[in-house]
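Student: Please find entry.txt (compact mmCIF, C-alpha atoms) on the next line:
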# COMPACT_ATOMS: atom_id res chain seq x y z
CA MET A 3 -108.88 131.79 -56.96
CA GLU A 4 -105.07 131.85 -56.58
CA VAL A 5 -104.66 132.69 -60.27
CA TYR A 6 -107.16 135.54 -59.89
CA LYS A 7 -105.20 136.94 -56.93
CA ASN A 8 -101.94 136.79 -58.86
CA GLN A 9 -103.50 138.66 -61.79
CA GLU A 10 -104.92 141.25 -59.39
CA VAL A 11 -101.52 141.86 -57.84
CA GLN A 12 -99.90 142.26 -61.25
CA ASN A 13 -102.54 144.72 -62.42
CA PRO A 14 -100.92 148.22 -62.62
CA LEU A 15 -104.16 149.89 -61.53
CA PHE A 16 -104.37 147.64 -58.48
CA GLN A 17 -100.74 148.38 -57.65
CA LYS A 18 -101.38 152.12 -57.93
CA ILE A 19 -104.40 151.85 -55.62
CA GLU A 20 -102.32 149.91 -53.09
CA GLN A 21 -99.58 152.52 -53.18
CA VAL A 22 -102.07 155.29 -52.46
CA ARG A 23 -103.83 153.25 -49.76
CA ARG A 24 -100.59 152.47 -47.95
CA ARG A 25 -99.20 156.01 -48.20
CA PRO A 26 -99.06 157.75 -44.80
CA GLY A 27 -101.83 160.30 -44.41
CA LYS A 28 -101.21 164.03 -44.33
CA VAL A 29 -103.25 166.70 -42.56
CA ARG A 30 -104.11 169.53 -44.93
CA ASP A 31 -106.42 171.45 -42.59
CA THR A 32 -104.95 174.28 -40.54
CA HIS A 33 -107.36 173.75 -37.63
CA ILE A 34 -108.92 170.75 -35.94
CA ASN A 35 -112.51 170.05 -37.03
CA LEU A 36 -115.03 167.42 -36.02
CA SER A 37 -114.06 165.12 -38.90
CA HIS A 38 -110.68 164.61 -37.21
CA GLY A 39 -112.51 162.66 -34.51
CA SER A 40 -114.97 160.84 -36.74
CA GLY A 41 -113.00 157.62 -37.17
CA GLY A 42 -112.66 158.14 -40.92
CA LYS A 43 -109.90 159.22 -43.30
CA ALA A 44 -109.42 162.66 -41.72
CA MET A 45 -108.81 161.06 -38.35
CA ARG A 46 -106.41 158.50 -39.82
CA ASP A 47 -104.52 161.28 -41.60
CA LEU A 48 -104.23 163.17 -38.30
CA ILE A 49 -102.93 160.08 -36.50
CA ASP A 50 -100.41 159.30 -39.26
CA ASP A 51 -99.18 162.83 -39.82
CA VAL A 52 -99.04 164.10 -36.23
CA PHE A 53 -98.85 161.22 -33.77
CA VAL A 54 -97.26 158.28 -35.59
CA LYS A 55 -94.71 160.51 -37.31
CA SER A 56 -93.58 161.95 -33.95
CA PHE A 57 -93.90 158.93 -31.64
CA ASP A 58 -92.69 156.36 -34.18
CA ASN A 59 -91.46 153.12 -32.58
CA PRO A 60 -91.91 149.41 -33.37
CA ILE A 61 -94.78 148.92 -30.92
CA LEU A 62 -96.76 152.00 -31.93
CA SER A 63 -96.24 151.40 -35.65
CA GLN A 64 -98.40 148.27 -35.44
CA LEU A 65 -101.40 150.62 -35.00
CA GLU A 66 -103.36 148.07 -33.03
CA ASP A 67 -106.03 148.94 -30.47
CA GLN A 68 -103.53 148.06 -27.75
CA ALA A 69 -99.79 147.79 -27.20
CA THR A 70 -98.43 144.32 -26.52
CA PHE A 71 -95.21 143.44 -24.70
CA ASP A 72 -93.13 140.37 -24.16
CA LEU A 73 -93.37 139.50 -20.47
CA ALA A 74 -89.89 138.04 -20.40
CA SER A 75 -88.37 141.37 -21.48
CA LEU A 76 -90.34 143.21 -18.78
CA SER A 77 -89.22 140.79 -16.07
CA GLN A 78 -85.58 141.59 -16.82
CA HIS A 79 -86.09 144.90 -15.02
CA GLY A 80 -87.79 143.59 -11.88
CA ASN A 81 -90.57 141.48 -10.42
CA ARG A 82 -93.43 143.96 -9.90
CA LEU A 83 -95.39 146.13 -12.28
CA ALA A 84 -96.09 149.80 -11.51
CA PHE A 85 -99.05 151.30 -13.38
CA THR A 86 -100.34 154.88 -13.19
CA THR A 87 -102.60 157.29 -15.05
CA ASP A 88 -102.99 161.07 -15.02
CA SER A 89 -104.71 163.87 -16.93
CA TYR A 90 -103.34 167.30 -17.82
CA VAL A 91 -105.48 170.41 -18.29
CA VAL A 92 -102.94 173.16 -17.58
CA ASP A 93 -103.70 176.71 -18.64
CA PRO A 94 -101.89 178.12 -20.59
CA LEU A 95 -100.64 175.27 -22.79
CA PHE A 96 -97.18 176.86 -23.07
CA PHE A 97 -95.48 178.53 -20.12
CA PRO A 98 -91.94 179.52 -19.10
CA GLY A 99 -89.71 176.48 -19.01
CA SER A 100 -92.17 173.89 -20.31
CA ASP A 101 -95.57 173.11 -21.87
CA ILE A 102 -98.48 170.70 -21.48
CA GLY A 103 -96.79 168.02 -23.60
CA GLU A 104 -93.55 167.82 -21.64
CA LEU A 105 -95.56 168.12 -18.44
CA ALA A 106 -97.71 165.10 -19.36
CA VAL A 107 -94.68 162.91 -20.06
CA ASN A 108 -92.60 163.96 -17.06
CA GLY A 109 -95.54 163.97 -14.67
CA THR A 110 -96.42 160.37 -15.50
CA ILE A 111 -92.79 159.28 -15.37
CA ASN A 112 -92.46 160.82 -11.91
CA ASP A 113 -95.58 159.07 -10.62
CA LEU A 114 -93.89 155.79 -11.54
CA ALA A 115 -90.48 156.85 -10.26
CA VAL A 116 -91.62 157.54 -6.70
CA SER A 117 -92.41 153.83 -6.30
CA GLY A 118 -88.83 153.00 -7.31
CA ALA A 119 -89.98 151.78 -10.72
CA LYS A 120 -88.06 152.11 -13.97
CA PRO A 121 -90.51 153.81 -16.39
CA LEU A 122 -90.78 152.03 -19.75
CA TYR A 123 -93.97 152.79 -21.66
CA LEU A 124 -96.55 155.55 -21.84
CA THR A 125 -99.92 156.02 -23.51
CA CYS A 126 -101.21 159.30 -24.91
CA SER A 127 -104.89 160.16 -25.27
CA MET A 128 -105.95 163.63 -26.35
CA ILE A 129 -109.22 165.50 -26.24
CA LEU A 130 -109.06 168.25 -28.86
CA GLU A 131 -111.37 171.24 -29.13
CA GLU A 132 -112.77 172.03 -32.55
CA GLY A 133 -110.81 174.99 -33.90
CA LEU A 134 -107.48 174.12 -32.27
CA PRO A 135 -104.65 175.08 -34.66
CA VAL A 136 -103.01 171.95 -36.04
CA GLU A 137 -99.64 173.64 -35.59
CA THR A 138 -100.32 173.94 -31.85
CA LEU A 139 -101.04 170.21 -31.71
CA ARG A 140 -97.85 169.42 -33.62
CA ARG A 141 -95.86 171.53 -31.20
CA VAL A 142 -97.31 169.74 -28.17
CA VAL A 143 -96.80 166.29 -29.67
CA SER A 144 -93.22 167.12 -30.66
CA SER A 145 -92.54 168.27 -27.10
CA MET A 146 -93.90 164.98 -25.77
CA GLN A 147 -91.62 162.99 -28.03
CA VAL A 148 -88.54 165.02 -27.07
CA ALA A 149 -89.34 164.51 -23.37
CA ALA A 150 -90.00 160.78 -23.83
CA LYS A 151 -86.77 160.26 -25.77
CA LYS A 152 -84.78 162.20 -23.17
CA ALA A 153 -86.24 160.03 -20.41
CA GLY A 154 -85.73 156.77 -22.30
CA VAL A 155 -89.41 155.80 -22.50
CA GLN A 156 -91.69 155.04 -25.45
CA ILE A 157 -95.19 156.29 -26.18
CA VAL A 158 -96.77 153.13 -27.54
CA THR A 159 -100.53 153.64 -27.91
CA GLY A 160 -103.20 156.27 -27.52
CA ASP A 161 -106.51 157.74 -28.60
CA THR A 162 -107.88 160.97 -30.06
CA LYS A 163 -111.25 162.59 -29.50
CA VAL A 164 -112.57 165.89 -30.90
CA VAL A 165 -115.29 167.84 -29.11
CA ASN A 166 -117.37 170.80 -30.25
CA ARG A 167 -116.00 174.29 -29.90
CA GLY A 168 -116.49 175.48 -26.33
CA CYS A 169 -116.72 171.98 -24.84
CA ALA A 170 -113.01 171.91 -23.92
CA ASP A 171 -110.23 174.46 -23.59
CA LYS A 172 -107.96 173.85 -26.59
CA LEU A 173 -106.64 170.41 -25.60
CA PHE A 174 -106.51 168.02 -22.67
CA ILE A 175 -104.08 165.10 -22.37
CA ASN A 176 -104.50 161.82 -20.53
CA THR A 177 -101.50 159.55 -20.07
CA ALA A 178 -100.92 156.18 -18.48
CA GLY A 179 -97.54 154.72 -17.64
CA ILE A 180 -96.01 151.31 -17.02
CA GLY A 181 -92.80 150.71 -15.12
CA ILE A 182 -91.05 147.83 -13.41
CA ILE A 183 -89.99 147.83 -9.75
CA PRO A 184 -86.69 146.08 -8.99
CA PRO A 185 -86.65 143.25 -6.40
CA ASN A 186 -86.45 144.10 -2.68
CA ILE A 187 -87.65 147.69 -3.12
CA ASP A 188 -90.46 148.72 -0.77
CA ILE A 189 -91.13 152.45 -0.84
CA SER A 190 -94.24 153.49 1.08
CA PRO A 191 -95.26 156.08 3.69
CA ARG A 192 -96.19 153.12 5.91
CA ASN A 193 -92.44 152.62 6.44
CA ILE A 194 -91.88 156.07 7.97
CA GLN A 195 -90.55 155.99 11.54
CA PRO A 196 -89.78 158.60 14.22
CA GLY A 197 -86.19 159.73 13.87
CA ASP A 198 -86.28 159.71 10.04
CA VAL A 199 -85.36 162.89 8.17
CA VAL A 200 -87.20 164.77 5.41
CA ILE A 201 -85.23 165.76 2.31
CA ILE A 202 -86.26 167.76 -0.76
CA ASN A 203 -84.32 167.99 -4.01
CA GLY A 204 -84.59 171.75 -4.59
CA GLU A 205 -86.58 174.98 -4.69
CA ILE A 206 -90.32 174.82 -4.13
CA GLY A 207 -93.08 176.76 -5.86
CA ASN A 208 -91.39 177.52 -9.19
CA HIS A 209 -93.99 175.74 -11.34
CA GLY A 210 -97.02 177.27 -9.66
CA THR A 211 -95.50 180.74 -9.84
CA ALA A 212 -94.51 180.33 -13.51
CA ILE A 213 -98.07 179.31 -14.42
CA LEU A 214 -99.53 182.21 -12.47
CA ILE A 215 -97.32 184.76 -14.24
CA ALA A 216 -97.84 183.14 -17.67
CA ARG A 217 -101.60 183.68 -17.45
CA GLY A 218 -100.97 187.40 -17.75
CA GLU A 219 -103.70 188.29 -15.28
CA LEU A 220 -101.27 190.17 -13.04
CA ALA A 221 -98.90 193.01 -13.80
CA LEU A 222 -95.91 190.99 -12.58
CA GLU A 223 -92.71 190.03 -14.36
CA THR A 224 -90.20 187.44 -13.16
CA GLY A 225 -87.61 185.15 -14.66
CA ILE A 226 -89.11 182.10 -12.94
CA GLU A 227 -89.51 178.98 -15.06
CA SER A 228 -91.36 175.76 -14.34
CA ASP A 229 -89.23 173.06 -12.69
CA CYS A 230 -90.79 170.38 -14.95
CA GLN A 231 -88.29 167.51 -15.26
CA PRO A 232 -88.14 163.70 -15.09
CA LEU A 233 -86.99 162.37 -11.73
CA HIS A 234 -86.61 158.61 -12.29
CA GLU A 235 -82.85 158.72 -12.70
CA LEU A 236 -82.47 160.72 -9.50
CA VAL A 237 -84.64 158.20 -7.64
CA ALA A 238 -82.55 155.35 -9.06
CA GLU A 239 -79.37 156.95 -7.74
CA ILE A 240 -80.95 157.45 -4.32
CA ILE A 241 -82.00 153.79 -4.20
CA LYS A 242 -78.46 152.72 -5.07
CA THR A 243 -77.24 154.74 -2.11
CA CYS A 244 -80.01 153.61 0.25
CA PRO A 245 -82.20 150.68 -0.92
CA GLN A 246 -84.13 150.98 2.35
CA ILE A 247 -85.47 154.44 1.52
CA HIS A 248 -88.75 154.78 3.40
CA ALA A 249 -90.98 157.11 1.36
CA VAL A 250 -90.79 159.19 -1.80
CA ARG A 251 -93.43 161.39 -3.41
CA ASP A 252 -93.44 164.19 -5.96
CA ALA A 253 -94.91 167.44 -4.65
CA THR A 254 -97.31 168.46 -7.42
CA ARG A 255 -100.80 169.81 -6.68
CA GLY A 256 -101.02 170.98 -3.09
CA GLY A 257 -97.25 171.34 -2.92
CA LEU A 258 -94.88 170.36 -0.15
CA ALA A 259 -97.46 170.85 2.61
CA THR A 260 -99.90 168.34 1.13
CA VAL A 261 -97.26 165.64 0.69
CA LEU A 262 -96.07 166.03 4.27
CA ASN A 263 -99.62 165.83 5.60
CA GLU A 264 -100.24 162.67 3.60
CA PHE A 265 -97.06 161.15 5.03
CA ALA A 266 -97.97 162.13 8.60
CA GLN A 267 -101.50 160.76 8.38
CA THR A 268 -100.54 157.50 6.65
CA ALA A 269 -97.70 156.70 9.09
CA ASN A 270 -99.53 158.22 12.11
CA VAL A 271 -96.48 160.29 13.05
CA GLY A 272 -95.68 163.96 13.45
CA ILE A 273 -93.43 165.92 11.11
CA ARG A 274 -91.48 169.05 12.00
CA ILE A 275 -89.92 171.09 9.21
CA ASN A 276 -87.62 174.11 9.46
CA GLU A 277 -88.70 177.14 7.43
CA ASN A 278 -85.12 178.39 7.12
CA ALA A 279 -84.00 175.07 5.60
CA ILE A 280 -86.56 174.97 2.75
CA PRO A 281 -85.06 176.05 -0.60
CA ILE A 282 -87.17 178.80 -2.17
CA ARG A 283 -86.41 181.65 -4.54
CA GLU A 284 -86.81 185.22 -3.34
CA GLU A 285 -89.03 185.94 -6.36
CA VAL A 286 -91.41 183.13 -5.37
CA ASN A 287 -91.58 184.46 -1.83
CA GLY A 288 -92.19 187.94 -3.18
CA VAL A 289 -95.06 186.86 -5.43
CA CYS A 290 -96.62 184.95 -2.54
CA GLU A 291 -96.39 187.96 -0.23
CA ILE A 292 -98.02 190.24 -2.80
CA LEU A 293 -100.89 187.83 -3.51
CA GLY A 294 -101.32 186.37 -0.05
CA LEU A 295 -100.32 182.85 -1.11
CA GLU A 296 -98.53 180.21 0.97
CA PRO A 297 -95.49 178.87 -0.94
CA LEU A 298 -95.72 175.52 0.86
CA TYR A 299 -98.94 174.86 -1.09
CA LEU A 300 -97.66 175.94 -4.51
CA ALA A 301 -97.42 173.23 -7.17
CA ASN A 302 -94.15 171.74 -8.34
CA GLU A 303 -93.40 169.46 -11.30
CA GLY A 304 -89.84 168.45 -10.54
CA LYS A 305 -89.59 168.12 -6.78
CA LEU A 306 -89.23 164.98 -4.66
CA VAL A 307 -89.99 164.77 -0.96
CA ILE A 308 -88.01 161.92 0.60
CA VAL A 309 -88.16 160.37 4.04
CA ALA A 310 -85.08 158.36 4.91
CA PRO A 311 -83.30 156.85 7.94
CA SER A 312 -81.30 159.56 9.68
CA GLU A 313 -78.07 157.56 9.56
CA LYS A 314 -78.24 157.59 5.72
CA ALA A 315 -79.26 161.22 5.37
CA ASP A 316 -75.86 162.76 4.66
CA LEU A 317 -74.96 160.10 2.12
CA ILE A 318 -78.31 160.52 0.34
CA LEU A 319 -77.88 164.29 0.34
CA VAL A 320 -74.47 164.04 -1.34
CA THR A 321 -75.86 161.64 -3.93
CA MET A 322 -78.71 164.02 -4.74
CA GLN A 323 -76.50 167.09 -4.92
CA ASN A 324 -74.26 165.30 -7.43
CA HIS A 325 -77.23 164.79 -9.79
CA PRO A 326 -78.51 167.63 -12.04
CA ALA A 327 -82.03 167.27 -10.62
CA GLY A 328 -80.86 167.51 -7.03
CA LYS A 329 -78.15 170.15 -6.88
CA GLN A 330 -80.11 172.21 -4.33
CA ALA A 331 -81.18 169.25 -2.22
CA ALA A 332 -81.56 169.96 1.48
CA ILE A 333 -82.60 168.29 4.71
CA ILE A 334 -85.66 170.26 5.78
CA GLY A 335 -87.13 168.38 8.73
CA GLU A 336 -87.58 165.30 10.86
CA ILE A 337 -90.16 162.71 11.81
CA ILE A 338 -91.37 162.96 15.42
CA PRO A 339 -93.64 160.60 17.37
CA THR A 340 -96.14 163.25 18.41
CA PRO A 341 -98.46 164.90 17.64
CA PRO A 342 -99.53 162.07 15.30
CA GLY A 343 -100.84 163.10 11.89
CA ILE A 344 -99.72 166.73 12.33
CA VAL A 345 -97.14 168.76 10.38
CA LEU A 346 -95.40 171.54 12.29
CA LEU A 347 -93.41 174.39 10.79
CA LYS A 348 -90.63 175.96 12.83
CA THR A 349 -90.71 179.54 11.57
CA ALA A 350 -87.82 181.88 10.96
CA PHE A 351 -88.67 183.53 14.29
CA GLY A 352 -88.38 180.27 16.25
CA ALA A 353 -92.11 179.75 16.80
CA GLU A 354 -94.09 176.71 15.59
CA ARG A 355 -97.34 176.59 13.68
CA ILE A 356 -99.44 173.80 12.21
CA ILE A 357 -99.35 173.30 8.44
CA ASP A 358 -102.65 171.68 7.50
CA MET A 359 -103.90 170.18 4.25
CA LEU A 360 -104.75 172.69 1.54
CA VAL A 361 -108.35 173.87 1.77
CA GLY A 362 -109.76 174.86 -1.59
CA ASP A 363 -107.31 175.61 -4.39
CA GLN A 364 -104.78 178.43 -4.42
CA LEU A 365 -104.26 178.11 -8.17
CA PRO A 366 -106.53 175.91 -10.34
CA ARG A 367 -105.45 174.13 -13.53
CA ILE A 368 -101.72 174.11 -12.85
CA CYS A 369 -101.14 170.62 -14.27
Before we go any further, please render this structure as structure tokens.
Tutor:
Amino acid sequence: MEVYKNQEVQNPLFQKIEQVRRRPGKVRDTHINLSHGSGGKAMRDLIDDVFVKSFDNPILSQLEDQATFDLASLSQHGNRLAFTTDSYVVDPLFFPGSDIGELAVNGTINDLAVSGAKPLYLTCSMILEEGLPVETLRRVVSSMQVAAKKAGVQIVTGDTKVVNRGCADKLFINTAGIGIIPPNIDISPRNIQPGDVVIINGEIGNHGTAILIARGELALETGIESDCQPLHELVAEIIKTCPQIHAVRDATRGGLATVLNEFAQTANVGIRINENAIPIREEVNGVCEILGLEPLYLANEGKLVIVAPSEKADLILVTMQNHPAGKQAAIIGEIIPTPPGIVLLKTAFGAERIIDMLVGDQLPRIC
């Protein structure tokens, strides 16, 4: 048997077959078709030519059904695992300042970051509509890899499904993320106490407004771009300044108002914010006035809402303003004992009104 194997290996025809079999696949179709999700050669060519070529790293290159990690290397970063998942269905796929690929990477990174975790690994699963241009897919995947490399994370495993034309809208992305939380870090809304202050790292509503304008349904023009960005390095700097930070959350769907209501209800405290202190562009305010929208509910993809002890507030603010993702950071409010579970807005005219949870959806499919 061993002799037979040796002869087989030395056979030029066998060697030629092996070279062809081991050669990375190449997509020759210009548009996605159902065979790209069939599990056969077309699907393997798509994976090789689009995903593996872009995301290439030692873990992904194994092409197993799962990614495996050495536990000892993970434990070097901390003693608790943070694990999250999210799906992205934004319309349009490409919009001012970002696209669905960068959004998927940064959004998942930020969901890990708000726990204080160091993001390490991501997954990428895609649902592709039959007829999607392959070039569009390449562009999205390339954007994901650029964002992952910039953030210092790896995309290590994933999945691809193709559905019939009309059963999806071009492409949807699902991601999961793994990060490690350093010792002695406990970030949770349960830690919020009366007397704490509320801090945000910059202008609200830019992402939601950019998506709205990009859809081309309104005769409006602005220079507003999405604020999509990774926030884990900013969170790490804040933790260095104040390891006892009480709560952190990224204000995505539902905007600033939703995050504050979640904080108030979880901690059973009141929150008062000052309208004049909230960073917001005039263009965003203008669009909201024209369309009857409330900017406090507009989506963001690069904004942190932080609750911290008042005695550390100024130091945290300086730290944030010295970081590129926090140059416009501002203290916008305070935690009050009553009324519990209620968010109050002190308006520019000095009056107060309740800011409730978002009812319905001001702008669907923004992430």
Student: Could you list, as a short mmCIF file (atom, residue, chain, number, x, y, z; two decimals) with C-alpha atoms, keeping the file's coordinate frame, every residue within 6 Å of segment 122-126 of chain A, counting only C-alpha atoms and ignoring same-chain residues fewer than 3 positions away?
Tutor:
data_model
loop_
_atom_site.label_atom_id
_atom_site.label_comp_id
_atom_site.auth_asym_id
_atom_site.auth_seq_id
_atom_site.Cartn_x
_atom_site.Cartn_y
_atom_site.Cartn_z
CA VAL A 155 -89.41 155.80 -22.50
CA GLN A 156 -91.69 155.04 -25.45
CA ILE A 157 -95.19 156.29 -26.18
CA VAL A 158 -96.77 153.13 -27.54
CA THR A 159 -100.53 153.64 -27.91
CA GLY A 160 -103.20 156.27 -27.52
CA THR A 177 -101.50 159.55 -20.07
CA ALA A 178 -100.92 156.18 -18.48
CA GLY A 179 -97.54 154.72 -17.64
CA ILE A 180 -96.01 151.31 -17.02
CA GLY A 181 -92.80 150.71 -15.12
#
Student: Identify the residues within 8 Å of coordinate (-94.3, 162.9, 18.7) (same frame as the file), considering all atoms listed in the file, and give the answer as a ChimeraX atom specification.
Tutor: /A:196,271-272,338-342
Student: Please produce a file of those selected residues containing C-alpha atoms, as a short mmCIF file (atom, residue, chain, number, x, y, z; two decimals), in the coordinates of the input.
Tutor:
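Wrote it out as result02.cif, contents follow:
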data_model
loop_
_atom_site.label_atom_id
_atom_site.label_comp_id
_atom_site.auth_asym_id
_atom_site.auth_seq_id
_atom_site.Cartn_x
_atom_site.Cartn_y
_atom_site.Cartn_z
CA PRO A 196 -89.78 158.60 14.22
CA VAL A 271 -96.48 160.29 13.05
CA GLY A 272 -95.68 163.96 13.45
CA ILE A 338 -91.37 162.96 15.42
CA PRO A 339 -93.64 160.60 17.37
CA THR A 340 -96.14 163.25 18.41
CA PRO A 341 -98.46 164.90 17.64
CA PRO A 342 -99.53 162.07 15.30
#
Student: At a cut-off of 12 Å, can you tabulate as JSON lines every residue of segment 77-123 of chain A near segment 231-244 of chain A together with its closest atom pair and the distance in Å to one decimal, using all atoms listed in the file and ordering rows by chain then number?
Tutor:
{"residue": "A:Gly99", "atom": "CA", "partner": "A:Gln231", "partner_atom": "CA", "distance": 9.8}
{"residue": "A:Ser100", "atom": "CA", "partner": "A:Gln231", "partner_atom": "CA", "distance": 9.0}
{"residue": "A:Asp101", "atom": "CA", "partner": "A:Gln231", "partner_atom": "CA", "distance": 11.3}
{"residue": "A:Gly103", "atom": "CA", "partner": "A:Gln231", "partner_atom": "CA", "distance": 11.9}
{"residue": "A:Glu104", "atom": "CA", "partner": "A:Gln231", "partner_atom": "CA", "distance": 8.3}
{"residue": "A:Leu105", "atom": "CA", "partner": "A:Gln231", "partner_atom": "CA", "distance": 8.0}
{"residue": "A:Ala106", "atom": "CA", "partner": "A:Gln231", "partner_atom": "CA", "distance": 10.6}
{"residue": "A:Val107", "atom": "CA", "partner": "A:Pro232", "partner_atom": "CA", "distance": 8.3}
{"residue": "A:Asn108", "atom": "CA", "partner": "A:Pro232", "partner_atom": "CA", "distance": 4.9}
{"residue": "A:Gly109", "atom": "CA", "partner": "A:Pro232", "partner_atom": "CA", "distance": 7.4}
{"residue": "A:Thr110", "atom": "CA", "partner": "A:Pro232", "partner_atom": "CA", "distance": 8.9}
{"residue": "A:Ile111", "atom": "CA", "partner": "A:Pro232", "partner_atom": "CA", "distance": 6.4}
{"residue": "A:Asn112", "atom": "CA", "partner": "A:Leu233", "partner_atom": "CA", "distance": 5.7}
{"residue": "A:Asp113", "atom": "CA", "partner": "A:His234", "partner_atom": "CA", "distance": 9.1}
{"residue": "A:Leu114", "atom": "CA", "partner": "A:His234", "partner_atom": "CA", "distance": 7.8}
{"residue": "A:Ala115", "atom": "CA", "partner": "A:His234", "partner_atom": "CA", "distance": 4.7}
{"residue": "A:Val116", "atom": "CA", "partner": "A:Val237", "partner_atom": "CA", "distance": 7.1}
{"residue": "A:Ser117", "atom": "CA", "partner": "A:Val237", "partner_atom": "CA", "distance": 9.0}
{"residue": "A:Gly118", "atom": "CA", "partner": "A:Val237", "partner_atom": "CA", "distance": 6.7}
{"residue": "A:Ala119", "atom": "CA", "partner": "A:His234", "partner_atom": "CA", "distance": 7.8}
{"residue": "A:Lys120", "atom": "CA", "partner": "A:His234", "partner_atom": "CA", "distance": 6.9}
{"residue": "A:Pro121", "atom": "CA", "partner": "A:His234", "partner_atom": "CA", "distance": 7.4}
{"residue": "A:Leu122", "atom": "CA", "partner": "A:His234", "partner_atom": "CA", "distance": 10.8}
Student: Using all atoms listed in the file, find the one residue out of A:Leu83, A:Ile49, A:Ala331, A:Ala150 that sits nearest to Met128 of chain A.
Tutor: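 Of A:Leu83, A:Ile49, A:Ala331, A:Ala150, the one nearest Met128 of chain A is A:Ile49, counting all atoms listed in the file.
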Student: For a test of reading the model, state the distance in Å between atom CA of Glu264 of chain A and atom CA of Ile356 of chain A, rounded to one decimal.
Tutor: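 Computing the Euclidean distance for atom CA of Glu264 of chain A and atom CA of Ile356 of chain A yields 14.1 Å.
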Student: For Ile247 of chain A, which of A:Pro311, A:Gly288, A:Asn186, A:Thr268 is the closest residue, counting all atoms listed in the file?
Tutor: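 With all atoms listed in the file as the atom set, the closest residue is A:Pro311.
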Student: Using all atoms listed in the file, can you tell me which of A:Leu214, A:Leu36, A:Val29, A:Ala253 comes closest to Glu137 of chain A?
Tutor: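 Smallest separation from Glu137 of chain A among the options: A:Val29.
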Student: Could you produce a table of the residues of segment 129-171 of chain A lying within 12 Å of segment 87-98 of chain A, with the nearest pair of atoms per residue and their separation in Å rounded to one decimal, using only C-alpha atoms, ordered by chain and increasing residue number, as a Markdown table?
Tutor:
| residue | atom | partner | partner_atom | distance |
| --- | --- | --- | --- | --- |
| A:Ile129 | CA | A:Val91 | CA | 10.1 |
| A:Leu130 | CA | A:Val91 | CA | 11.4 |
| A:Leu134 | CA | A:Leu95 | CA | 11.7 |
| A:Thr138 | CA | A:Leu95 | CA | 9.2 |
| A:Leu139 | CA | A:Leu95 | CA | 10.3 |
| A:Arg141 | CA | A:Phe96 | CA | 9.8 |
| A:Val142 | CA | A:Leu95 | CA | 8.4 |
| A:Val143 | CA | A:Leu95 | CA | 11.9 |
| A:Ser145 | CA | A:Phe96 | CA | 10.6 |
| A:Ala170 | CA | A:Val91 | CA | 9.5 |
| A:Asp171 | CA | A:Val91 | CA | 8.2 |
Student: Neighbouring residues of Asp363 of chain A were defined as those with any atom within 12 Å, considering only C-alpha atoms; residues of the same chain fewer than 2 positions away were excluded. Please report them as a PyMOL selection string.
Tutor: chain A and resi 210+255-257+260+295-296+299-301+359-361+365-368
Student: Restricting the calculation to all atoms listed in the file: of A:Ile275, A:Val148, A:Ile183, A:Val250, which residue gets closest to Arg355 of chain A?
Tutor: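 Between A:Ile275, A:Val148, A:Ile183, A:Val250, the residue approaching Arg355 of chain A most closely is A:Ile275.
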Student: Determine the nearest neighbour of Phe85 of chain A from the options A:Met146, A:Lys305, A:Ser312, A:Ile182, counting all atoms listed in the file.
Tutor: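 Closest to Phe85 of chain A, using all atoms listed in the file: A:Ile182.
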Student: Under the rule that all atoms listed in the file are counted, which of A:Pro185, A:Gly362, A:Gly335, A:Pro297 is the nearest residue to Arg82 of chain A?
Tutor: A:Pro185
Student: List the spatial neighbours of Asn302 of chain A as a short mmCIF file (atom, residue, chain, number, x, y, z; two decimals) with C-alpha atoms, in the frame of the given file - criterion: any atom at most 6 Å away, all atoms listed in the file, same-chain residues fewer than 6 positions off excluded.
Tutor:
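So the final result, stored in selection.cif, reads:
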data_model
loop_
_atom_site.label_atom_id
_atom_site.label_comp_id
_atom_site.auth_asym_id
_atom_site.auth_seq_id
_atom_site.Cartn_x
_atom_site.Cartn_y
_atom_site.Cartn_z
CA GLY A 207 -93.08 176.76 -5.86
CA HIS A 209 -93.99 175.74 -11.34
CA ALA A 253 -94.91 167.44 -4.65
CA THR A 254 -97.31 168.46 -7.42
#
